[in-house]
Amino acid sequence: MTPRGWDGFPRLLHAEWTKFRTVRGWTLGVVTAALMVVLVAVLAGVSSDQRDRPVVPIGPDGGPVTDSFYFVHRPLTRDGSITVSVSALTSSIPTSPGNLRRDTVPWAKAGLIIKDGTRQGSPYAAIMVTGGHGVRMQDDYVNDTADPSGESPRWLRLDRSGNAVTGSTSTDGTRWNTVGTVHVEGLGSTVQGGLFVASPPSVQGMGTDVTVSTADFEDLDTRSGWHGRDWTGDQVGPESAGFAGYPVGTSGSVTESDGRFTVTGAGDIAPAVRYSLPTGGTLKDILTGTFAALIAVIVIGALFITTEYRGRLIHVTLAASPRRGRVLLAKAVVLGSVTAAAGVVGATIALPLGERLARANGVYIFPATTSTQLRIVLGTAALLATASILALAVGAVVRRSAGAVTAVVVALVLPHLLIANPFTPSGLSDWLARVTPAAAFSVQQTLVRYDQVSSVYTPYNGYYPLAPWAGYAVLAGYAVLGLAVAVVVLRRRDA
Amino acid sequence: MRSTPTHPEVVVAGLRKRYGTTLALDGMSFTVRPGLVTGFIGPNGAGKSTTMRVVLGLDAVDEGTALVGGTPYRDLRNPLSHVGSLLDASAPHPARSARDHLLWLAHSQGLGASRVDQVVERVGLTSAARRKAGGYSLGMRQRLGIAAALLGDPPIILLDEPFNGMDPEGIIWMRGFLRSLAEQGRAVLVSSHLMSEVQDTADHLVVVGRGKVVADAGVADLIAAASGNRVAVRTAARPEAMALLSHAGATVAASGRDTVTVSGLTADHVVTLLNRGAIPFSEVFAHRATLEEAYLELTRDAVEFRATSPEEVSR
């Protein structure tokens with residue numbers, strides 16, 4: 001048999017579109033889905049109130065940062081270099097208020113830093129010994145380079161030449177290996193440079209504990225450009241030890257004897273993550289109404305086919321268009337287009353509106369680039385469209401409204417609820433966000449996971465295990481599979 | 001690909017279909033010819049609806065073929081311009097208006113709204129066309145189903161139980177309507193489980209029972225065959241008459257308080273015998289069966305019966 005053309009398909013699309021738009025409940029349902037997205041965004045924006053929150057430090061690239069550490073510094077004008085050897089780095093975690101236990105804090109940092117002043121979020125470059133990740137060179141919060149030498153050097157050096165800062169390491173203080181040269185935009189002619197110690201919170205199960213670290217520095221040497229002789233010890237960030245992230249009973253300090261500096265510090269110099277900025281909101285939070293819209297489009301998707309079985313309208317449909325696979329495909333195209341349009345309209349209105357209202361109430365919203373925002377809008381539309389097509393496919397197979405809606409809700413909404421529950425074990429929620437159709441909610445994520453920041457990266461906190469479109473592909477896979485099964489069943493079964 | 005409009009026939013041959021242990025179709029074979037209303041008669045469960053679904057490509061069969069205009073239905077392009085059908089009056093979505101129901105159907109065939117308005121008027125639903133089908137009476141839904149069947153102006157029309165739920169006025173309208181469709185040269189198949197609904201309308205009858213055809217004949221032939229060579233006698237002395245006639249070798253049955261049905265003797269012979277026995281009678285006439293009787297007899301016994309071989313029946 002020769003394959004016939006698809007020239008009848010536009011008619012089929014026209015027919016199914018007429019079918020869809022002439023049942024008022026369905027068109028109202030789609031409009032309601034879009035309104036849900038907008039309404040929840042408005043409610044979230046209006047009801048939030050964080051006008052008294054502390055200012056979130058912003059890094060050179062516009063992203064939020066954590067910038068809180070103990071700094072032993074002197075001014076440096078123009079070019080100069082600084083060398084030191086780190087002889088010890090120890091960290092502690094509190095077991096109860098006032099009691100500390102020695103422990104490894106992998107990202108505890110002790111080393112040299114050149115920074116454009118002590119203002120939080122200012123540009124910097126640093127080289128450091130860490131608790132568990134060897135020697136690193138970092139700059140401007142998000143950039144991180146490992147020492148490539150593979151040895152375990154104790155000597156660190158920073159050379160500044162204009163905006164270029166070069167980090168080097170040595171095992172003996174004479175033979176030096178270059179780790180890297182970074183160009184730090186925005187370094188003033190006079191900057192602050194010196195020793196620093198930071199000790200980020202340590203991940204303990206589903207939460208974090210504050211930590212404190214102490215390092216011993218020897219052989220401190222500065223060349224050209226440095227002012228004065230006296231080193232000043234300062235806490236960068238909140239002045240109160242509690243707010244700066246110190247365990248109860250500890251605080252930042254520096255002592256010197258015979259050229260040996262002992263520095264104690266807490267906090268971190270790093271990009272902010274959800275856990276270090278818990279009051280921050282995300283665009284995904286603004287689009288929480290997607291969840292309600294999802295249920296609406298699932299019900300509509302299932303009814304679009306199951307109602308044909310209730311009164312045997314399917315007989316009329318298939319007598320008019322005997323090519324059954326194409327009938328289902330036409331339904332999927334119409335349904336997908338309509339629900340995608342609802343998603344685009346809802347998200348396009350909800351995002352800027354919710355963001356503006358939340359900002360007006362003092363809420364910090366994690367920033368997203370224009371292309372990320374576009375991805376969220378299109379991803380939300382694709383999520384709604386694909387979920388409704390999945391419901392259509394399941395409806396075609398089971399032929400019962402209640403059964404189809406229940407099946408898709410269990411497959412998609414239930415995992416999403418479990419993921420959105422803070423008490424779900426992270427292993428389970430990670431698994432759910434990889435293998436169930438709920439993985440597609442990753443299209444709304446804006447938060448970025450940083451290797452150099454240990455934190456609680458769970459879907460609940462906005463970190464999905466799969467990349468946005470990879471997560472969507474999981475849902476799309478289920479929908480394509482469902483549609484294929486539905487076509488086969490529809491063809492083989494008596495109508 | 002295209003069915004030839006000169007042969008708007010439905011040819012059903014040897015359909016066999018089993019649902020689990022039930023044999024729904026057991027060699028169903030018949031032809032629906034143009035220009036005639038063919039009544040498709042049989043008790044509920046005889047396989048009428050299944051046959052229609054098979055013709056429309058909705059149900060598959062284990063054996064046999066069903067062709068419309070020489071083509072399997074599933075191979076038709078714009079099938080509604082070849083075959084119009086009404087299977088379930090409750091098919092339209094209750095929230096959709098009658099007009100919108102016909103509109104999507106028209107769009108599926110590349111037809112426009114003006115054709116919808118034509119068929120709506122043809123079945124007399126114009127004033128109710130914009131109301132939701134959920135509020136329609138069964139009779140109105142039947143009219144809507146007929147409108148849908150007419151949409152593509154097809155030469156073949158299949159209607160499953162279109163009289164169900166119709167009021168007397170609707171039934172009269174439907175009869176005239178079916179006649180007019182046949183007079184336009186269309187092949188019309190109308191199923192019913194009640195002979196009375198189609199006996200005055202149909203030209204030809206296909207009587208089915210237990211999944212197969214038990215009679216396939218013109219209406220007049222069927223009545224003649226069912227009547228047999230029987231004679232009816234009206235007499236005040238019924239027991240005496242029955243004794244006398246059975247003694248003479250006839251098969252005799254009491255068919256009323258004062259009537260006797262006799263087979264095996266001619267009317268002349270019966271009169272002679274009654275006169276000779278001095279049994280009073282008021283009337284002797286050839287018995288003429290009603291179509292209903294013929295139907296009941298056929299479907300009760302499920303006897304193989306064909307008008308082309310009448311000798312089989314007059315045993």
# chains A, B, ... in the order shown; residues from 1 in each chain; ligands from 1
>>> residues_around(residues="Arg53 (chain B)", least_positions_apart="2", cutoff="10 Å", atoms="only C-alpha atoms", output="PDB file with N, CA and C atoms, in the first residue's frame")
ATOM      1  N   HIS A 315     -17.769   7.226  17.815  1.00  0.00           N
ATOM      2  CA  HIS A 315     -18.243   6.594  16.586  1.00  0.00           C
ATOM      3  C   HIS A 315     -18.384   7.613  15.464  1.00  0.00           C
ATOM      4  N   ALA A 319     -16.064   7.659  12.229  1.00  0.00           N
ATOM      5  CA  ALA A 319     -16.749   7.453  10.955  1.00  0.00           C
ATOM      6  C   ALA A 319     -16.416   8.608  10.010  1.00  0.00           C
ATOM      7  N   ASP A 494     -11.902  -2.212  18.868  1.00  0.00           N
ATOM      8  CA  ASP A 494     -13.174  -1.775  18.293  1.00  0.00           C
ATOM      9  C   ASP A 494     -13.533  -0.435  18.911  1.00  0.00           C
ATOM     10  N   ALA A 495     -14.050   0.470  18.105  1.00  0.00           N
ATOM     11  CA  ALA A 495     -14.341   1.815  18.604  1.00  0.00           C
ATOM     12  C   ALA A 495     -15.505   1.788  19.579  1.00  0.00           C
TER      13      ALA A 495
ATOM     14  N   GLY B  47     -27.492  -8.662  16.220  1.00  0.00           N
ATOM     15  CA  GLY B  47     -26.277  -8.311  15.500  1.00  0.00           C
ATOM     16  C   GLY B  47     -26.453  -7.153  14.540  1.00  0.00           C
ATOM     17  N   LYS B  48     -27.592  -6.415  14.647  1.00  0.00           N
ATOM     18  CA  LYS B  48     -27.829  -5.298  13.710  1.00  0.00           C
ATOM     19  C   LYS B  48     -26.806  -4.181  13.913  1.00  0.00           C
ATOM     20  N   SER B  49     -26.646  -3.737  15.180  1.00  0.00           N
ATOM     21  CA  SER B  49     -25.734  -2.621  15.439  1.00  0.00           C
ATOM     22  C   SER B  49     -24.295  -3.023  15.154  1.00  0.00           C
ATOM     23  N   THR B  50     -23.946  -4.250  15.516  1.00  0.00           N
ATOM     24  CA  THR B  50     -22.586  -4.717  15.253  1.00  0.00           C
ATOM     25  C   THR B  50     -22.304  -4.691  13.759  1.00  0.00           C
ATOM     26  N   THR B  51     -23.270  -5.163  12.963  1.00  0.00           N
ATOM     27  CA  THR B  51     -23.089  -5.154  11.516  1.00  0.00           C
ATOM     28  C   THR B  51     -22.855  -3.735  11.003  1.00  0.00           C
ATOM     29  N   VAL B  55     -19.664  -2.223   9.024  1.00  0.00           N
ATOM     30  CA  VAL B  55     -19.732  -1.548   7.722  1.00  0.00           C
ATOM     31  C   VAL B  55     -18.996  -0.208   7.783  1.00  0.00           C
ATOM     32  N   LEU B  56     -19.110   0.488   8.923  1.00  0.00           N
ATOM     33  CA  LEU B  56     -18.499   1.811   9.065  1.00  0.00           C
ATOM     34  C   LEU B  56     -17.030   1.733   9.494  1.00  0.00           C
ATOM     35  N   GLY B  57     -16.482   0.533   9.523  1.00  0.00           N
ATOM     36  CA  GLY B  57     -15.065   0.401   9.858  1.00  0.00           C
ATOM     37  C   GLY B  57     -14.767   0.647  11.319  1.00  0.00           C
ATOM     38  N   LEU B  58     -15.788   0.649  12.160  1.00  0.00           N
ATOM     39  CA  LEU B  58     -15.553   0.931  13.580  1.00  0.00           C
ATOM     40  C   LEU B  58     -15.164  -0.332  14.332  1.00  0.00           C
ATOM     41  N   ASP B  59     -15.770  -1.459  13.972  1.00  0.00           N
ATOM     42  CA  ASP B  59     -15.436  -2.737  14.603  1.00  0.00           C
ATOM     43  C   ASP B  59     -14.789  -3.643  13.557  1.00  0.00           C
ATOM     44  N   ALA B  60     -13.868  -4.447  14.019  1.00  0.00           N
ATOM     45  CA  ALA B  60     -13.222  -5.402  13.118  1.00  0.00           C
ATOM     46  C   ALA B  60     -13.961  -6.732  13.186  1.00  0.00           C
ATOM     47  N   SER B  85     -24.362   8.189   8.377  1.00  0.00           N
ATOM     48  CA  SER B  85     -24.809   7.187   9.329  1.00  0.00           C
ATOM     49  C   SER B  85     -25.278   7.820  10.628  1.00  0.00           C
ATOM     50  N   LEU B  87     -25.643   6.168  14.416  1.00  0.00           N
ATOM     51  CA  LEU B  87     -25.522   4.976  15.272  1.00  0.00           C
ATOM     52  C   LEU B  87     -26.095   5.216  16.659  1.00  0.00           C
ATOM     53  N   ASP B 160     -29.374   3.480  12.564  1.00  0.00           N
ATOM     54  CA  ASP B 160     -29.613   2.431  13.556  1.00  0.00           C
ATOM     55  C   ASP B 160     -30.718   2.881  14.506  1.00  0.00           C
TER      56      ASP B 160
END
>>> interface_residues(of="chain B", to="chain A", cutoff="9 Å", atoms="only C-alpha atoms", output="ChimeraX atom specification")
/B:53,56-60,73-80,84-97,100-101,103-110,148
>>> closest_residue(among="A:Ala476, A:Val165, A:Ala293, A:Ile365", to="Arg78 (chain A)", atoms="only C-alpha atoms")
A:Val165
>>> residues_around(residues="region 173-181 of chain A", least_positions_apart="6", cutoff="8 Å", atoms="only C-alpha atoms", output="PyMOL selection string")
chain A and resi 137+145-149+155+164-167
>>> select_by_dssp(residues="region 226-407 of chain A", states="strand (DSSP E or B)", output="list in words")
Trp226, Thr232, Gly233, Asp234, Gln235, Val236, Ser253, Val254, Thr255, Glu256, Ser257, Arg260, Phe261, Thr262, Val263, Thr264, Gly265, Gly267, Ile269, Ala270, Pro271, Gly281 and Ile365 of chain A
>>> residues_around(residues="Thr126 (chain B)", least_positions_apart="3", cutoff="12 Å", atoms="only C-alpha atoms", output="compact mmCIF listing (two decimals) with all heavy atoms, in the first residue's frame")
# COMPACT_ATOMS: atom_id res chain seq x y z
N SER B 97 -23.75 22.82 21.24
CA SER B 97 -25.04 23.03 20.56
C SER B 97 -25.10 22.12 19.35
O SER B 97 -24.08 21.66 18.84
CB SER B 97 -25.17 24.49 20.12
OG SER B 97 -24.36 24.74 19.00
N ALA B 98 -26.35 21.89 18.88
CA ALA B 98 -26.55 21.03 17.72
C ALA B 98 -25.78 21.58 16.53
O ALA B 98 -25.13 20.85 15.79
CB ALA B 98 -28.04 20.95 17.40
N ARG B 99 -25.83 22.89 16.37
CA ARG B 99 -25.18 23.51 15.22
C ARG B 99 -23.66 23.31 15.31
O ARG B 99 -23.00 23.00 14.32
CB ARG B 99 -25.51 25.01 15.21
CG ARG B 99 -25.16 25.65 13.91
CD ARG B 99 -25.67 27.07 13.82
NE ARG B 99 -25.29 27.63 12.52
CZ ARG B 99 -24.08 28.05 12.25
NH1 ARG B 99 -23.14 28.00 13.17
NH2 ARG B 99 -23.79 28.53 11.04
N VAL B 116 -24.21 23.20 6.95
CA VAL B 116 -24.79 22.87 8.26
C VAL B 116 -26.20 23.45 8.36
O VAL B 116 -27.15 22.76 8.74
CB VAL B 116 -23.90 23.41 9.40
CG1 VAL B 116 -24.62 23.33 10.74
CG2 VAL B 116 -22.58 22.64 9.44
N ASP B 117 -26.34 24.71 7.97
CA ASP B 117 -27.65 25.35 8.06
C ASP B 117 -28.68 24.64 7.17
O ASP B 117 -29.84 24.53 7.53
CB ASP B 117 -27.54 26.84 7.68
CG ASP B 117 -26.69 27.59 8.72
OD1 ASP B 117 -26.68 27.14 9.89
OD2 ASP B 117 -26.06 28.59 8.35
N GLN B 118 -28.22 24.16 6.01
CA GLN B 118 -29.14 23.43 5.12
C GLN B 118 -29.69 22.16 5.77
O GLN B 118 -30.89 21.93 5.77
CB GLN B 118 -28.42 23.03 3.82
CG GLN B 118 -28.21 24.18 2.85
CD GLN B 118 -27.33 23.76 1.69
OE1 GLN B 118 -27.10 22.58 1.47
NE2 GLN B 118 -26.82 24.74 0.95
N VAL B 119 -28.78 21.35 6.34
CA VAL B 119 -29.28 20.08 6.89
C VAL B 119 -30.09 20.31 8.16
O VAL B 119 -31.03 19.57 8.44
CB VAL B 119 -28.13 19.07 7.15
CG1 VAL B 119 -27.52 18.61 5.85
CG2 VAL B 119 -27.09 19.59 8.11
N VAL B 120 -29.74 21.35 8.92
CA VAL B 120 -30.51 21.67 10.11
C VAL B 120 -31.96 21.98 9.72
O VAL B 120 -32.92 21.53 10.34
CB VAL B 120 -29.87 22.85 10.88
CG1 VAL B 120 -30.86 23.47 11.84
CG2 VAL B 120 -28.62 22.41 11.61
N GLU B 121 -32.10 22.74 8.63
CA GLU B 121 -33.44 23.09 8.17
C GLU B 121 -34.16 21.85 7.64
O GLU B 121 -35.34 21.66 7.89
CB GLU B 121 -33.32 24.15 7.08
CG GLU B 121 -34.65 24.86 6.86
CD GLU B 121 -34.56 25.90 5.76
OE1 GLU B 121 -33.43 26.34 5.44
OE2 GLU B 121 -35.62 26.26 5.24
N ARG B 122 -33.42 21.01 6.96
CA ARG B 122 -34.01 19.81 6.35
C ARG B 122 -34.65 18.90 7.41
O ARG B 122 -35.66 18.27 7.17
CB ARG B 122 -32.89 19.07 5.62
CG ARG B 122 -33.31 17.84 4.86
CD ARG B 122 -33.51 18.15 3.38
NE ARG B 122 -34.22 17.06 2.73
CZ ARG B 122 -33.63 16.06 2.09
NH1 ARG B 122 -32.31 16.03 2.01
NH2 ARG B 122 -34.35 15.11 1.54
N VAL B 123 -34.04 18.82 8.59
CA VAL B 123 -34.60 17.95 9.63
C VAL B 123 -35.49 18.72 10.60
O VAL B 123 -35.95 18.16 11.59
CB VAL B 123 -33.51 17.19 10.41
CG1 VAL B 123 -32.68 16.32 9.48
CG2 VAL B 123 -32.61 18.15 11.19
N ALA B 129 -31.37 24.87 16.98
CA ALA B 129 -30.01 24.50 16.61
C ALA B 129 -28.94 25.11 17.51
O ALA B 129 -27.85 24.55 17.64
CB ALA B 129 -29.74 24.90 15.16
N ARG B 130 -29.24 26.26 18.12
CA ARG B 130 -28.20 26.88 18.95
C ARG B 130 -28.32 26.52 20.43
O ARG B 130 -27.62 27.06 21.26
CB ARG B 130 -28.23 28.40 18.75
CG ARG B 130 -27.69 28.77 17.37
CD ARG B 130 -27.73 30.24 17.08
NE ARG B 130 -27.46 30.48 15.67
CZ ARG B 130 -26.23 30.59 15.15
NH1 ARG B 130 -25.18 30.50 15.92
NH2 ARG B 130 -26.07 30.80 13.85
N ARG B 131 -29.24 25.61 20.71
CA ARG B 131 -29.35 25.13 22.10
C ARG B 131 -28.43 23.95 22.31
O ARG B 131 -28.08 23.23 21.38
CB ARG B 131 -30.79 24.71 22.39
CG ARG B 131 -31.65 25.90 22.81
CD ARG B 131 -33.13 25.58 22.72
NE ARG B 131 -33.46 24.27 23.28
CZ ARG B 131 -34.62 23.67 23.04
NH1 ARG B 131 -35.52 24.24 22.27
NH2 ARG B 131 -34.85 22.49 23.56
N MET B 140 -35.52 14.72 19.26
CA MET B 140 -34.73 15.79 18.65
C MET B 140 -33.32 15.32 18.36
O MET B 140 -32.70 15.69 17.36
CB MET B 140 -34.70 17.01 19.59
CG MET B 140 -36.03 17.73 19.68
SD MET B 140 -36.05 18.89 21.06
CE MET B 140 -35.18 20.30 20.37
N ARG B 143 -33.26 13.51 15.19
CA ARG B 143 -33.24 14.43 14.05
C ARG B 143 -31.84 15.00 13.84
O ARG B 143 -31.38 15.15 12.71
CB ARG B 143 -34.23 15.59 14.28
CG ARG B 143 -35.68 15.17 14.10
CD ARG B 143 -36.59 16.33 14.47
NE ARG B 143 -37.99 15.90 14.54
CZ ARG B 143 -38.89 16.24 13.61
NH1 ARG B 143 -38.55 16.99 12.59
NH2 ARG B 143 -40.15 15.83 13.74
N LEU B 144 -31.18 15.31 14.94
CA LEU B 144 -29.81 15.84 14.84
C LEU B 144 -28.89 14.79 14.20
O LEU B 144 -28.06 15.11 13.34
CB LEU B 144 -29.30 16.23 16.24
CG LEU B 144 -27.84 16.66 16.36
CD1 LEU B 144 -27.53 17.80 15.40
CD2 LEU B 144 -27.54 17.09 17.79
N ALA B 147 -29.50 14.71 10.59
CA ALA B 147 -28.86 15.87 9.95
C ALA B 147 -27.38 15.57 9.72
O ALA B 147 -26.82 15.88 8.66
CB ALA B 147 -29.02 17.11 10.83
>>> residues_around(residues="Thr130 (chain A)", least_positions_apart="2", cutoff="9 Å", atoms="only C-alpha atoms", output="list in words")
Leu89, Val105, Pro106, Trp107, Ala108, Lys109, Ala110, Gly111, Met128, Gly132, His133, Gly134, Val135 and Arg136 of chain A
>>> write_last_selection(atoms="N, CA, C and O atoms", output="CSV table (one decimal), in the first residue's frame")
chain,number,residue,atom,x,y,z
A,89,LEU,N,45.7,24.7,59.4
A,89,LEU,CA,44.3,25.1,59.2
A,89,LEU,C,43.4,24.1,60.0
A,89,LEU,O,43.4,22.9,59.6
A,105,VAL,N,36.1,20.8,57.6
A,105,VAL,CA,35.2,21.7,56.8
A,105,VAL,C,35.8,21.8,55.4
A,105,VAL,O,36.8,22.6,55.2
A,106,PRO,N,35.3,21.1,54.4
A,106,PRO,CA,36.0,21.0,53.1
A,106,PRO,C,36.3,22.3,52.5
A,106,PRO,O,37.3,22.5,51.8
A,107,TRP,N,35.4,23.3,52.6
A,107,TRP,CA,35.6,24.5,52.0
A,107,TRP,C,36.0,25.6,53.0
A,107,TRP,O,35.8,26.8,52.7
A,108,ALA,N,36.6,25.3,54.1
A,108,ALA,CA,37.2,26.3,55.0
A,108,ALA,C,38.4,26.8,54.2
A,108,ALA,O,39.1,26.1,53.5
A,109,LYS,N,38.6,28.2,54.3
A,109,LYS,CA,39.6,28.8,53.4
A,109,LYS,C,40.5,29.7,54.3
A,109,LYS,O,40.1,30.4,55.1
A,110,ALA,N,41.9,29.5,54.0
A,110,ALA,CA,42.8,30.4,54.6
A,110,ALA,C,43.9,30.8,53.6
A,110,ALA,O,44.4,29.9,52.9
A,111,GLY,N,44.1,32.1,53.4
A,111,GLY,CA,45.1,32.4,52.4
A,111,GLY,C,45.2,33.9,52.2
A,111,GLY,O,45.0,34.7,53.2
A,128,MET,N,44.3,30.4,48.2
A,128,MET,CA,44.0,29.9,49.5
A,128,MET,C,44.2,28.4,49.7
A,128,MET,O,44.2,27.6,48.7
A,132,GLY,N,39.5,20.7,52.4
A,132,GLY,CA,39.4,19.4,51.8
A,132,GLY,C,39.6,19.5,50.3
A,132,GLY,O,39.4,18.4,49.6
A,133,HIS,N,39.8,20.6,49.7
A,133,HIS,CA,39.9,20.7,48.2
A,133,HIS,C,41.2,21.3,47.7
A,133,HIS,O,41.2,21.9,46.7
A,134,GLY,N,42.2,21.1,48.5
A,134,GLY,CA,43.6,21.6,48.1
A,134,GLY,C,43.7,23.1,48.0
A,134,GLY,O,42.9,23.8,48.6
A,135,VAL,N,44.7,23.5,47.2
A,135,VAL,CA,44.9,25.0,47.1
A,135,VAL,C,44.0,25.4,45.9
A,135,VAL,O,44.0,24.8,44.8
A,136,ARG,N,43.3,26.6,46.0
A,136,ARG,CA,42.5,27.1,45.0
A,136,ARG,C,42.8,28.5,44.8
A,136,ARG,O,43.2,29.3,45.7
>>> atom_distance(atom1="CA of Met36 (chain A)", atom2="CA of Val443 (chain A)")
18.3 Å
>>> residues_around(residues="region 190-206 of chain B", least_positions_apart="6", cutoff="6 Å", atoms="only C-alpha atoms", output="short mmCIF file (atom, residue, chain, number, x, y, z; two decimals) with all heavy atoms, in the first residue's frame")
data_model
loop_
_atom_site.label_atom_id
_atom_site.label_comp_id
_atom_site.auth_asym_id
_atom_site.auth_seq_id
_atom_site.Cartn_x
_atom_site.Cartn_y
_atom_site.Cartn_z
N LEU B 36 -33.95 2.06 -2.74
CA LEU B 36 -34.85 1.31 -1.87
C LEU B 36 -34.59 1.65 -0.40
O LEU B 36 -33.47 1.97 -0.02
CB LEU B 36 -34.65 -0.20 -2.04
CG LEU B 36 -34.84 -0.82 -3.42
CD1 LEU B 36 -34.53 -2.31 -3.34
CD2 LEU B 36 -36.26 -0.59 -3.89
N VAL B 37 -35.67 1.56 0.39
CA VAL B 37 -35.48 1.57 1.83
C VAL B 37 -35.42 0.11 2.27
O VAL B 37 -36.36 -0.65 2.06
CB VAL B 37 -36.64 2.28 2.56
CG1 VAL B 37 -36.48 2.15 4.07
CG2 VAL B 37 -36.70 3.75 2.14
N THR B 38 -34.30 -0.29 2.80
CA THR B 38 -34.16 -1.66 3.28
C THR B 38 -34.32 -1.67 4.79
O THR B 38 -33.56 -0.98 5.50
CB THR B 38 -32.77 -2.23 2.89
OG1 THR B 38 -32.65 -2.16 1.47
CG2 THR B 38 -32.61 -3.66 3.37
N GLY B 39 -35.31 -2.42 5.25
CA GLY B 39 -35.50 -2.56 6.69
C GLY B 39 -34.58 -3.63 7.22
O GLY B 39 -34.45 -4.70 6.62
N PHE B 40 -33.90 -3.34 8.31
CA PHE B 40 -32.92 -4.27 8.89
C PHE B 40 -33.50 -4.66 10.24
O PHE B 40 -33.40 -3.93 11.21
CB PHE B 40 -31.58 -3.55 9.02
CG PHE B 40 -30.40 -4.44 9.30
CD1 PHE B 40 -30.36 -5.76 8.87
CD2 PHE B 40 -29.30 -3.92 9.97
CE1 PHE B 40 -29.25 -6.55 9.12
CE2 PHE B 40 -28.20 -4.70 10.22
CZ PHE B 40 -28.16 -6.02 9.80
N ILE B 41 -34.20 -5.81 10.25
CA ILE B 41 -35.08 -6.14 11.36
C ILE B 41 -34.57 -7.34 12.13
O ILE B 41 -34.10 -8.33 11.54
CB ILE B 41 -36.49 -6.49 10.83
CG1 ILE B 41 -36.98 -5.46 9.82
CG2 ILE B 41 -37.49 -6.61 11.97
CD1 ILE B 41 -37.13 -4.09 10.40
N GLY B 42 -34.71 -7.28 13.42
CA GLY B 42 -34.36 -8.43 14.24
C GLY B 42 -34.46 -8.04 15.69
O GLY B 42 -34.46 -6.85 16.03
N PRO B 43 -34.55 -9.03 16.57
CA PRO B 43 -34.65 -8.71 18.00
C PRO B 43 -33.35 -8.07 18.50
O PRO B 43 -32.32 -8.15 17.83
CB PRO B 43 -34.88 -10.06 18.66
CG PRO B 43 -34.52 -11.09 17.65
CD PRO B 43 -34.58 -10.47 16.30
N LEU B 159 -29.02 3.96 9.17
CA LEU B 159 -29.60 4.52 10.39
C LEU B 159 -29.93 3.38 11.35
O LEU B 159 -30.64 2.45 11.00
CB LEU B 159 -30.88 5.30 10.05
CG LEU B 159 -30.76 6.38 8.96
CD1 LEU B 159 -32.12 6.96 8.63
CD2 LEU B 159 -29.80 7.49 9.40
N ASP B 160 -29.37 3.48 12.56
CA ASP B 160 -29.61 2.43 13.56
C ASP B 160 -30.72 2.88 14.51
O ASP B 160 -30.53 3.84 15.27
CB ASP B 160 -28.30 2.15 14.32
CG ASP B 160 -28.37 0.84 15.11
OD1 ASP B 160 -29.34 0.09 14.91
OD2 ASP B 160 -27.45 0.60 15.91
N GLU B 161 -31.83 2.22 14.46
CA GLU B 161 -32.98 2.51 15.33
C GLU B 161 -33.36 3.99 15.36
O GLU B 161 -33.47 4.58 16.43
CB GLU B 161 -32.68 2.04 16.78
CG GLU B 161 -32.37 0.56 16.91
CD GLU B 161 -33.61 -0.31 17.03
OE1 GLU B 161 -34.73 0.24 16.98
OE2 GLU B 161 -33.46 -1.55 17.15
N ARG B 175 -40.92 8.47 8.35
CA ARG B 175 -41.29 7.55 7.27
C ARG B 175 -41.26 8.26 5.93
O ARG B 175 -40.67 7.78 4.96
CB ARG B 175 -42.69 6.96 7.52
CG ARG B 175 -42.66 5.90 8.59
CD ARG B 175 -44.05 5.38 8.85
NE ARG B 175 -44.01 4.34 9.86
CZ ARG B 175 -45.01 4.00 10.65
NH1 ARG B 175 -46.16 4.63 10.54
NH2 ARG B 175 -44.87 3.05 11.53
N ALA B 215 -34.14 -13.95 6.76
CA ALA B 215 -34.99 -13.70 5.60
C ALA B 215 -34.49 -12.47 4.90
O ALA B 215 -34.10 -11.50 5.54
CB ALA B 215 -36.44 -13.50 6.05
N ASP B 216 -34.46 -12.52 3.58
CA ASP B 216 -33.97 -11.40 2.79
C ASP B 216 -34.90 -11.33 1.59
O ASP B 216 -34.75 -12.08 0.64
CB ASP B 216 -32.52 -11.69 2.38
CG ASP B 216 -31.90 -10.52 1.62
OD1 ASP B 216 -32.66 -9.61 1.18
OD2 ASP B 216 -30.67 -10.51 1.47
N ALA B 217 -35.95 -10.49 1.66
CA ALA B 217 -37.00 -10.54 0.64
C ALA B 217 -37.72 -9.22 0.55
O ALA B 217 -37.64 -8.38 1.44
CB ALA B 217 -38.01 -11.64 0.99
N GLY B 218 -38.47 -9.06 -0.58
CA GLY B 218 -39.36 -7.93 -0.68
C GLY B 218 -40.50 -8.10 0.31
O GLY B 218 -40.81 -9.22 0.74
N VAL B 219 -41.15 -7.00 0.67
CA VAL B 219 -42.19 -7.05 1.69
C VAL B 219 -43.34 -7.97 1.26
O VAL B 219 -43.78 -8.83 2.03
CB VAL B 219 -42.70 -5.63 1.99
CG1 VAL B 219 -43.91 -5.68 2.92
CG2 VAL B 219 -41.58 -4.79 2.60
N GLU B 292 -45.95 -8.72 10.95
CA GLU B 292 -45.53 -8.93 12.33
C GLU B 292 -45.48 -10.42 12.65
O GLU B 292 -44.54 -10.92 13.26
CB GLU B 292 -46.53 -8.22 13.26
CG GLU B 292 -46.03 -8.04 14.67
CD GLU B 292 -45.10 -6.85 14.79
OE1 GLU B 292 -45.44 -5.76 14.28
OE2 GLU B 292 -44.02 -7.00 15.40
#
